[in-house]
Structures are given as structure tokens and as C-alpha cells.
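Participant: What follows is a structure written as C-alpha cells; I'll ask about it next.
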Amino acid sequence: MFRICARTGGLRALHGAAASRGFGTKAAAPSRLRNVVWATSVAVLGGLGYVYVTDTRAGVHKYVATPLIRLMDPEDAHNLSIWCLKHGLGPVDRTDDADVLNIELWGKQMSNPVGLAAGFDKNGEAIDGLFNLGFGAVEVGSITPHEQAGNPRPRLFRVDESRAVINRMGLNNDGAQVCGDRIKSRFWRMLAAQSRRQGETVASLAAGVNRSARGDRLLGVNVSKSKASAPESYSDYVDGLNELGAYADYVVINVSCPNVKNIRAGADVAVLESTIAAVVRARNQMPDYRPPIVLKIGPDNDHDQRRLIAQLAIDYRVDGIIATNTTLSRPHGMDDPNEVALQTGGLSGEPLRKMALETTRDMYRLTKGRIPIIGCGGISTAEDALQFAKAGASMVQIYSSMTYDGPGKVCEIKDGLVDLLKGRKWSDIVGEDARS
């Protein structure tokens with residue numbers, strides 16, 4: 001009987017264990033389902049969040065990240081931006097440019113006419129991060145033959161109420177050899193990657209690709225003089241061209257930097273002529289690839305000085321003119337309650353726009369539209385860019401407006417231009433004011 005009772009008790013125990021296991025199985029299924037749903041939701045939301053945050057058009061850059069960065073010292077904020085873009089931490093323009101924005105400049109195709117002005121990436125460290133923002137052209141520099149530390153800090157200031165920037169950086173850069181090695185290394189690295197993807201040799205790709213290593217974007221290199229050079233000397237420009245020109249879609253001769261005392265070419269016609277002649281001659285003697293030569297002028301020249309500059313550009317067959325650099329003047333009516341504008345240095349941003357637009361219009365008319373003009377100075381909206389195009393700018397450049405509106409500024413301008421053009425092409429409106 002004991003055996004029978006034990007057996008019966010054992011059966012009850014087994015039944016209870018089975019019931020317990022059955023109950024546990026039923027409870028585990030919903031639990032596992034909840035975990036799967038939770039993990040999937042996190043992954044989807046995380047993916048969507050990543051796509052949003054890394055998109056140049058995301059409002060978080062303009063309304064959150066940029067105001068926070070502006071709490072920093074201006075130069076520290078700038079250096080942080082370069083570091084992020086250099087290491088692939090910047091946002092990306094994932095939208096193809098509209099056909100109405102496509103242009104051709106110096107026989108090279110560009111997907112859009114909005115470029116980045118020199119001064120942002122002085123050393124060519126963040127070229128691809130900047131292209132990823134959506135620029136049609138990125139101009140690096142200004143680069144001098146030898147490394148320069150520039151002027152003492154502080155040397156960069158924001159005039160927030162006027163959406164302007166004042167700098168007296170003093171052409172700080174790593175020098176032509178270091179910057180040149182960096183730019184060359186990037187070019188061949190990009191071509192090697194394309195070669196693996198497309199199955200073509202690097203040599204065949206190099207023969208036909210833009211120096212940006214991107215089919216529809218241009219890389220400009222801005223060269224200038226070392227502070228130790230004689231005011232009338234032009235050899236630094238020639239040295240910069242020889243060191244960097246083979247890897248540039250265009251080379252800019254910076255004869256108008258207001259923060260370096262020995263740059264006289266922008267104000268002395270004789271020095272300007274000898275400089276242009278020497279640089280064009282050196283370019284024409286380059287053995288293989290010969291980049292377009294672009295002259296960057298200041299906004300403070302009067303009409304007679306502009307007329308002389310235009311004639312020299314025509315006579316020596318300069319390929320382009322950038323109008324303009326920064327100004328030492330302080331336009332009347334600037335909103336500056338904290339008197340930041342009293343700081344010495346070149347002024348850029350919205351107060352410069354009127355001067356730059358007038359110079360662009362004048363240079364287009366004086367050159368009779370024969371030389372491409374690049375409008376630069378105070379451009380912060382699509383309406384501004386359109387004004388410059390109608391005044392004669394084949395391309396425009398921005399910089400200071402990103403200080404206030406963030407990395408999405410270029411896409412904001414491009415999107416606005418598509419709406420304003422209303423089906424017309426950018427290239428069709430260039431110089432429209434001069435024809436009316």
C-alpha cells in the first residue's frame with residue numbers, strides 16, 4: 001500500500017510539474033514577443049533617428065546644435081566643426097541636385113552653383129565632409145608656401161546682431177607642402193577606391209576626373225603670400241601654384257587679404273599686373289594639367305580700380321574673378337550694441353552683401369561677361385544668391401551664414417533656388433541685369 005500511495009503521490013507530483021511547465025511556457029511566449037517588439041521598435045526608431053540627425057536638412061542642426069556651438073569661443077567652435085567634418089561626423093545631403101542648378105564652369109560639370117568660400121577649411125582637412133553637406137565646389141586655403149601661426153588670439157569675433165564675422169586670423173595654415181601632401185593623398189585614395197568599384201585603372205580615371213575626385217563637384221585651392229615675403233614679390237603665388245595646382249580644379253590667387261600687410265597686389269596696379277603675369281606664365285608652363293587661374297579681389301576698390309583690374313584680367317586671360325574678399329570698412333547702419341565691430345580685422349557676413357553685389361555687377365559689366373565671376377560676401381538666402389546670379393555671378397560662395405544657421409545652409413539655399421527659378425536654369429539668368 002505504501003508503494004501504491006508513493007506511486008500515486010509521484011504521479012501527482014509529475015502532473016503538478018507538468019502543469020507548472022505548461023503554465024511557464026504560456027507565460028514565456030508573450031514575454032519573448034514583447035522583447036522582440038521592443039528590440040525592433042528601438043532599432044527602427046534608432047535608425048530613423050540616425051537618418052534624421054545625419055541629414056543636412058534636419059532642423060536639429062539649425063535650431064539646436066548651432067546655437068549650442070555658438071556658446072563656445074568662435075575659434076574653438078570653428079576648430080570643433082572642422083574636427084567633426086574631418087572624422088565623418090557631419091550631416092549629409094542625400095538628395096540629388098535639381099537639373100535647373102546644373103552648370104558648366106571651365107569645361108567642368110557642377111551639380112549646383114553654391115560653393116564654400118576659402119577660410120573655412122584652411123588646410124584641406126575636411127574636404128569630403130564639406131562636399132557631403134551639398135556644396136557644388138569647396139575652396140580650401142588660403143595656403144602659403146611655409147607654415148604660419150597667424151596672429152595672436154583672440155582673432156575671430158561674431159557680431160551676432162548683424163549676423164557678421166570679423167577675423168584677423170593672419171593666414172594661419174600648415175604650409176604648401178603639408179597641405180599639398182594631404183590633398184594629393186586624398187585624390188589618389190579616392191581614385192583607388194573608384195578603381196576597385198568600377199574595375200578601371202587609376203591612370204585612366206585620373207585622366208578624366210575632376211581634381212575633386214567627384215564627377216560633378218569642383219575643388220578650389222586658394223594660395224597667398226607668406227608674411228615674411230616682400231610686398232612687391234609674386235614668387236609665393238608661383239610656388240603655391242607649382243606645389244598645389246596639379247590637384248586643384250581651379251587655383252585662386254588671393255591678392256586682397258586685409259589682414260596681412262605685405263599683400264599689395266590688390267591695391268597696387270603695377271604689383272597686381274606683375275603678379276597676374278607671373279602666375280599665368282607659370283600655369284602655362286605646367287607640363288600636363290593646367291588649372292584655371294582665378295583672381296580674388298576686395299570690395300573696397302572704386303570704379304576706376306575695378307576697371308583696371310578687369311582690363312588686366314582680360315589682357316592676361318585670367319579664368320575667373322571672385323568678388324569679393326572681406327572688408328576693413330564697417331558699413332553704416334550695422335547693429336552692434338556690444339561694439340564688437342570695433343575689433344580690427346576683415347568683416348564678412350550680411351553687412352558685406354551690398355558691397356559684394358555691387359562689385360560683382362561692376363566686374364561682370366567691365367569684363368563684358370567674358371570672364372566667369374564668383375559672387376561672395378553676405379549671401380545667406382536663396383534670394384541673395386539669385387540676386388548675385390542676375391548681377392553676373394556664374395557661381396556663389398557662402399561661409400559666414402553657416403556660423404549662424406549651421407551646416408544645412410547650403411541645402412536651404414539650393415532648395416530655395418529651385419523654387420525661385422520656377423523651371424528656368426541658373427545658367428540662363430546669369431548676367432540678366434546687364435542685359436535688361
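Following the order of the C-alpha cells, chains are lettered A, B, ..., residues in each are numbered from 1, and ligands are numbered from 1.
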Apply DSSP to the structure's backbone, then extract all residues of range 247-414 of chain A labelled helix (DSSP H, G or I) and return them as a count of residues only.

Facilitator: 72

Participant: Find the nearest atom pair between each residue of range 344-404 of chain A and range 153-170 of chain A for residues within 8 Å, count only C-alpha atoms, give distances in Å to one decimal, sort rows by chain and ascending number, and present the table as a tab-separated table.

Facilitator:
```
residue	atom	partner	partner_atom	distance
A:Thr344	CA	A:Arg168	CA	6.9
A:Gly345	CA	A:Arg168	CA	4.5
A:Gly346	CA	A:Asn167	CA	5.4
A:Leu347	CA	A:Ile166	CA	4.6
A:Ser348	CA	A:Val165	CA	5.3
A:Gly349	CA	A:Ala164	CA	4.2
A:Glu350	CA	A:Ala164	CA	5.9
A:Pro351	CA	A:Ala164	CA	6.7
A:Ser400	CA	A:Val165	CA	6.5
A:Ser401	CA	A:Arg163	CA	7.4
A:Tyr404	CA	A:Arg163	CA	6.9
```

Participant: Excluding same-chain residues fewer than 3 positions from His87 in chain A, what lies within 12 Å of it counting only C-alpha atoms, as number ranges by chain?

Facilitator: A: 80-84, 90-91, 125-130

Participant: May I ask for the distance between CA of Ile69 in chain A and CA of Asn222 in chain A, given in Å to one decimal place?

Facilitator: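 A separation of 27.0 Å between them.
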
Participant: Compile the contact shell of range 302-316 of chain A as a list in words: residues with an atom at most 8 Å away, counting only C-alpha atoms, same-chain residues fewer than 4 positions apart removed.

Facilitator: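 That gives Val269, Glu273, Ile276, Ala277, Val280, Asp362, Met363, Leu366, Thr367 and Ile371 of chain A.
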
Participant: Could you check how far CA of Ile253 in chain A sits from CA of Arg435 in chain A, in Å to one decimal?

Facilitator: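 Answer for the CA of Ile253 in chain A to CA of Arg435 in chain A separation: 29.3 Å.
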
Participant: Among range 176-329 of chain A, which ones does DSSP place in strand (DSSP E), written as a list in words?

Facilitator: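 Residues of range 176-329 of chain A classed as strand (DSSP E): Leu218, Leu219, Gly220, Val221, Asn222, Val223, Tyr250, Val251, Val252, Ile253, Asn254, Ile293, Val294, Leu295, Lys296, Ile297, Gly320, Ile321, Ile322 and Ala323 of chain A.
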
Participant: I need the chosen residues saved as a compact mmCIF listing (two decimals), in the first residue's frame, with all heavy atoms.

Facilitator:
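Below is the file out-v5.txt, written as the result:
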```txt
# COMPACT_ATOMS: atom_id res chain seq x y z
N LEU A 218 33.69 70.61 -57.78
CA LEU A 218 35.00 71.19 -58.02
C LEU A 218 35.72 71.48 -56.71
O LEU A 218 35.10 71.88 -55.72
CB LEU A 218 34.89 72.50 -58.81
CG LEU A 218 34.19 72.46 -60.18
CD1 LEU A 218 34.33 73.80 -60.89
CD2 LEU A 218 34.73 71.34 -61.04
N LEU A 219 37.03 71.29 -56.73
CA LEU A 219 37.88 71.60 -55.59
C LEU A 219 38.77 72.78 -55.95
O LEU A 219 39.58 72.69 -56.88
CB LEU A 219 38.74 70.39 -55.20
CG LEU A 219 39.77 70.64 -54.09
CD1 LEU A 219 39.09 71.00 -52.78
CD2 LEU A 219 40.67 69.42 -53.91
N GLY A 220 38.60 73.89 -55.25
CA GLY A 220 39.45 75.04 -55.46
C GLY A 220 40.52 75.11 -54.39
O GLY A 220 40.31 74.70 -53.24
N VAL A 221 41.70 75.63 -54.76
CA VAL A 221 42.78 75.84 -53.81
C VAL A 221 43.19 77.30 -53.86
O VAL A 221 43.54 77.82 -54.91
CB VAL A 221 44.00 74.94 -54.12
CG1 VAL A 221 45.14 75.24 -53.15
CG2 VAL A 221 43.62 73.46 -54.02
N ASN A 222 43.11 77.96 -52.72
CA ASN A 222 43.41 79.38 -52.60
C ASN A 222 44.84 79.54 -52.07
O ASN A 222 45.17 79.00 -51.02
CB ASN A 222 42.40 80.02 -51.64
CG ASN A 222 42.52 81.51 -51.53
OD1 ASN A 222 43.57 82.04 -51.18
ND2 ASN A 222 41.41 82.21 -51.78
N VAL A 223 45.68 80.26 -52.81
CA VAL A 223 47.08 80.43 -52.42
C VAL A 223 47.36 81.90 -52.14
O VAL A 223 46.77 82.79 -52.74
CB VAL A 223 48.07 79.88 -53.47
CG1 VAL A 223 47.84 78.40 -53.66
CG2 VAL A 223 47.93 80.62 -54.79
N TYR A 250 40.56 74.52 -59.73
CA TYR A 250 40.92 75.90 -60.03
C TYR A 250 41.80 76.41 -58.91
O TYR A 250 41.72 75.94 -57.77
CB TYR A 250 39.68 76.79 -60.23
CG TYR A 250 38.78 76.94 -59.03
CD1 TYR A 250 38.90 78.04 -58.16
CD2 TYR A 250 37.78 76.01 -58.74
CE1 TYR A 250 38.06 78.19 -57.06
CE2 TYR A 250 36.94 76.15 -57.64
CZ TYR A 250 37.09 77.24 -56.81
OH TYR A 250 36.27 77.39 -55.72
N VAL A 251 42.68 77.35 -59.23
CA VAL A 251 43.60 77.93 -58.25
C VAL A 251 43.25 79.41 -58.09
O VAL A 251 43.16 80.14 -59.08
CB VAL A 251 45.06 77.76 -58.67
CG1 VAL A 251 45.99 78.54 -57.72
CG2 VAL A 251 45.45 76.29 -58.70
N VAL A 252 43.07 79.84 -56.85
CA VAL A 252 42.71 81.23 -56.55
C VAL A 252 43.94 81.97 -56.06
O VAL A 252 44.63 81.52 -55.14
CB VAL A 252 41.60 81.29 -55.47
CG1 VAL A 252 41.25 82.75 -55.16
CG2 VAL A 252 40.37 80.54 -55.94
N ILE A 253 44.19 83.12 -56.69
CA ILE A 253 45.30 83.98 -56.29
C ILE A 253 44.72 85.04 -55.35
O ILE A 253 44.01 85.95 -55.78
CB ILE A 253 45.96 84.65 -57.51
CG1 ILE A 253 46.34 83.59 -58.55
CG2 ILE A 253 47.17 85.46 -57.09
CD1 ILE A 253 47.25 82.51 -58.03
N ASN A 254 45.03 84.90 -54.07
CA ASN A 254 44.47 85.79 -53.05
C ASN A 254 45.32 87.05 -52.95
O ASN A 254 46.32 87.09 -52.25
CB ASN A 254 44.41 85.06 -51.71
CG ASN A 254 43.79 85.90 -50.62
OD1 ASN A 254 43.31 87.00 -50.85
ND2 ASN A 254 43.81 85.38 -49.40
N ILE A 293 43.01 79.84 -63.53
CA ILE A 293 43.52 80.80 -62.56
C ILE A 293 42.41 81.81 -62.25
O ILE A 293 41.85 82.43 -63.16
CB ILE A 293 44.76 81.53 -63.10
CG1 ILE A 293 45.88 80.53 -63.39
CG2 ILE A 293 45.22 82.59 -62.10
CD1 ILE A 293 46.37 79.75 -62.19
N VAL A 294 42.10 81.97 -60.97
CA VAL A 294 41.03 82.85 -60.52
C VAL A 294 41.62 83.92 -59.60
O VAL A 294 42.43 83.61 -58.73
CB VAL A 294 39.93 82.05 -59.79
CG1 VAL A 294 38.82 82.97 -59.29
CG2 VAL A 294 39.35 80.98 -60.72
N LEU A 295 41.21 85.14 -59.80
CA LEU A 295 41.70 86.28 -59.03
C LEU A 295 40.67 86.65 -57.97
O LEU A 295 39.49 86.83 -58.28
CB LEU A 295 41.92 87.46 -59.97
CG LEU A 295 42.72 88.66 -59.48
CD1 LEU A 295 44.17 88.27 -59.22
CD2 LEU A 295 42.64 89.79 -60.50
N LYS A 296 41.09 86.75 -56.69
CA LYS A 296 40.17 87.16 -55.64
C LYS A 296 40.45 88.61 -55.26
O LYS A 296 41.54 88.94 -54.79
CB LYS A 296 40.30 86.26 -54.40
CG LYS A 296 39.25 86.57 -53.33
CD LYS A 296 39.12 85.45 -52.33
CE LYS A 296 37.95 85.70 -51.37
NZ LYS A 296 37.72 84.58 -50.46
N ILE A 297 39.45 89.47 -55.47
CA ILE A 297 39.62 90.90 -55.24
C ILE A 297 38.82 91.34 -54.02
O ILE A 297 37.91 90.63 -53.56
CB ILE A 297 39.23 91.72 -56.48
CG1 ILE A 297 37.72 91.58 -56.76
CG2 ILE A 297 40.05 91.29 -57.68
CD1 ILE A 297 37.23 92.49 -57.88
N GLY A 320 38.87 83.54 -64.07
CA GLY A 320 37.74 83.87 -63.21
C GLY A 320 38.11 84.94 -62.20
O GLY A 320 39.29 85.20 -61.95
N ILE A 321 37.09 85.57 -61.63
CA ILE A 321 37.27 86.59 -60.61
C ILE A 321 36.31 86.32 -59.46
O ILE A 321 35.11 86.10 -59.70
CB ILE A 321 37.01 88.00 -61.17
CG1 ILE A 321 38.02 88.34 -62.28
CG2 ILE A 321 37.07 89.06 -60.06
CD1 ILE A 321 37.69 89.63 -63.02
N ILE A 322 36.82 86.30 -58.24
CA ILE A 322 35.96 86.18 -57.06
C ILE A 322 35.71 87.57 -56.49
O ILE A 322 36.66 88.31 -56.17
CB ILE A 322 36.58 85.29 -55.97
CG1 ILE A 322 36.74 83.86 -56.48
CG2 ILE A 322 35.71 85.29 -54.71
CD1 ILE A 322 37.37 82.90 -55.49
N ALA A 323 34.47 87.94 -56.38
CA ALA A 323 34.08 89.24 -55.84
C ALA A 323 33.11 89.01 -54.68
O ALA A 323 31.95 88.69 -54.93
CB ALA A 323 33.42 90.10 -56.93
```

Participant: Between CA of Pro372 in chain A and CA of Ser394 in chain A, what distance in Å does the model show, to one decimal?

Facilitator: 5.8 Å

Participant: List as CSV every residue of range 267-373 of chain A that is in contact with range 199-215 of chain A, defined as an atom at most 12 Å from one of its atoms (using only C-alpha atoms), together with the nearest atom pair and the distance in Å rounded to one decimal, sorted by chain and then rising number.

Facilitator:
```
residue,atom,partner,partner_atom,distance
A:Asp288,CA,A:Ala207,CA,10.2
A:Tyr289,CA,A:Ala207,CA,9.2
A:Arg290,CA,A:Arg211,CA,11.3
A:Pro291,CA,A:Arg211,CA,9.5
A:Pro292,CA,A:Arg211,CA,11.9
```

Participant: Considering only C-alpha atoms, can you say which of A:Gly298, A:Cys411, A:Ala356, A:Asn242 comes closest to Arg94 in chain A?

Facilitator: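 Of A:Gly298, A:Cys411, A:Ala356, A:Asn242, the one nearest Arg94 in chain A is A:Cys411, counting only C-alpha atoms.
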
Participant: Restricting the calculation to only C-alpha atoms: of A:Gly134, A:Glu139, A:Asn325, A:Thr359, which residue gets closest to Asp415 in chain A?

Facilitator: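 Among A:Gly134, A:Glu139, A:Asn325, A:Thr359, it is A:Gly134 that comes nearest to Asp415 in chain A.
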
Participant: Near Thr360 in chain A, within 8 Å and counting only C-alpha atoms, which residues show up once chain neighbours fewer than 6 positions away are dropped, as a list in words?

Facilitator: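 Selected residues are Ala323, Thr324, Ile373, Ile374, Gly375, Phe388, Ala391, Gly392 and Ala393 of chain A.
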
Participant: For N, CA, C and O atoms, I'd like the residues from the last selection saved as an mmCIF file, in the first residue's frame.

Facilitator:
```
data_model
loop_
_atom_site.group_PDB
_atom_site.id
_atom_site.type_symbol
_atom_site.label_atom_id
_atom_site.label_comp_id
_atom_site.auth_asym_id
_atom_site.auth_seq_id
_atom_site.Cartn_x
_atom_site.Cartn_y
_atom_site.Cartn_z
ATOM 1 N N ALA A 323 34.466 87.939 -56.383
ATOM 2 C CA ALA A 323 34.082 89.242 -55.842
ATOM 3 C C ALA A 323 33.111 89.007 -54.678
ATOM 4 O O ALA A 323 31.952 88.689 -54.927
ATOM 5 N N THR A 324 33.606 89.049 -53.416
ATOM 6 C CA THR A 324 34.825 89.705 -53.004
ATOM 7 C C THR A 324 35.405 89.027 -51.759
ATOM 8 O O THR A 324 34.804 88.100 -51.209
ATOM 9 N N ILE A 373 32.422 85.221 -63.106
ATOM 10 C CA ILE A 373 32.511 85.917 -61.830
ATOM 11 C C ILE A 373 31.917 85.011 -60.756
ATOM 12 O O ILE A 373 30.845 84.432 -60.946
ATOM 13 N N ILE A 374 32.610 84.900 -59.626
ATOM 14 C CA ILE A 374 32.119 84.137 -58.482
ATOM 15 C C ILE A 374 31.725 85.138 -57.408
ATOM 16 O O ILE A 374 32.566 85.883 -56.893
ATOM 17 N N GLY A 375 30.439 85.187 -57.091
ATOM 18 C CA GLY A 375 29.938 86.130 -56.100
ATOM 19 C C GLY A 375 30.145 85.613 -54.693
ATOM 20 O O GLY A 375 29.780 84.471 -54.390
ATOM 21 N N PHE A 388 22.774 87.741 -56.950
ATOM 22 C CA PHE A 388 24.151 87.682 -57.436
ATOM 23 C C PHE A 388 24.213 87.074 -58.831
ATOM 24 O O PHE A 388 25.003 87.519 -59.675
ATOM 25 N N ALA A 391 23.200 89.572 -61.278
ATOM 26 C CA ALA A 391 24.239 90.598 -61.392
ATOM 27 C C ALA A 391 25.437 90.112 -62.198
ATOM 28 O O ALA A 391 26.268 90.927 -62.612
ATOM 29 N N GLY A 392 25.532 88.797 -62.407
ATOM 30 C CA GLY A 392 26.614 88.273 -63.240
ATOM 31 C C GLY A 392 27.417 87.137 -62.660
ATOM 32 O O GLY A 392 28.389 86.693 -63.268
ATOM 33 N N ALA A 393 27.038 86.626 -61.487
ATOM 34 C CA ALA A 393 27.800 85.546 -60.853
ATOM 35 C C ALA A 393 27.465 84.194 -61.465
ATOM 36 O O ALA A 393 26.310 83.768 -61.427
#
```

Participant: When you look at range 105-122 of chain A with a cut-off of 7 Å (counting only C-alpha atoms), what residues show up, excluding the ones that are within fewer than 6 positions of it in the same chain? I need them as a ChimeraX atom specification.

Facilitator: /A:97,135-143,173,216-218,222,395-399,410

Participant: Mind checking which residues fall within 8 Å of Leu171 in chain A, counting only C-alpha atoms, ignoring those fewer than 3 positions away in the same chain, and posting them as a PyMOL selection string?

Facilitator: chain A and resi 142-144+148-150+259-260

Participant: Between A:Leu421, A:Val255, A:Val100, A:Ala270, which residue has the minimum interatomic distance to Lys390 in chain A, considering only C-alpha atoms?

Facilitator: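 For Lys390 in chain A, the nearest of the given residues is A:Leu421.
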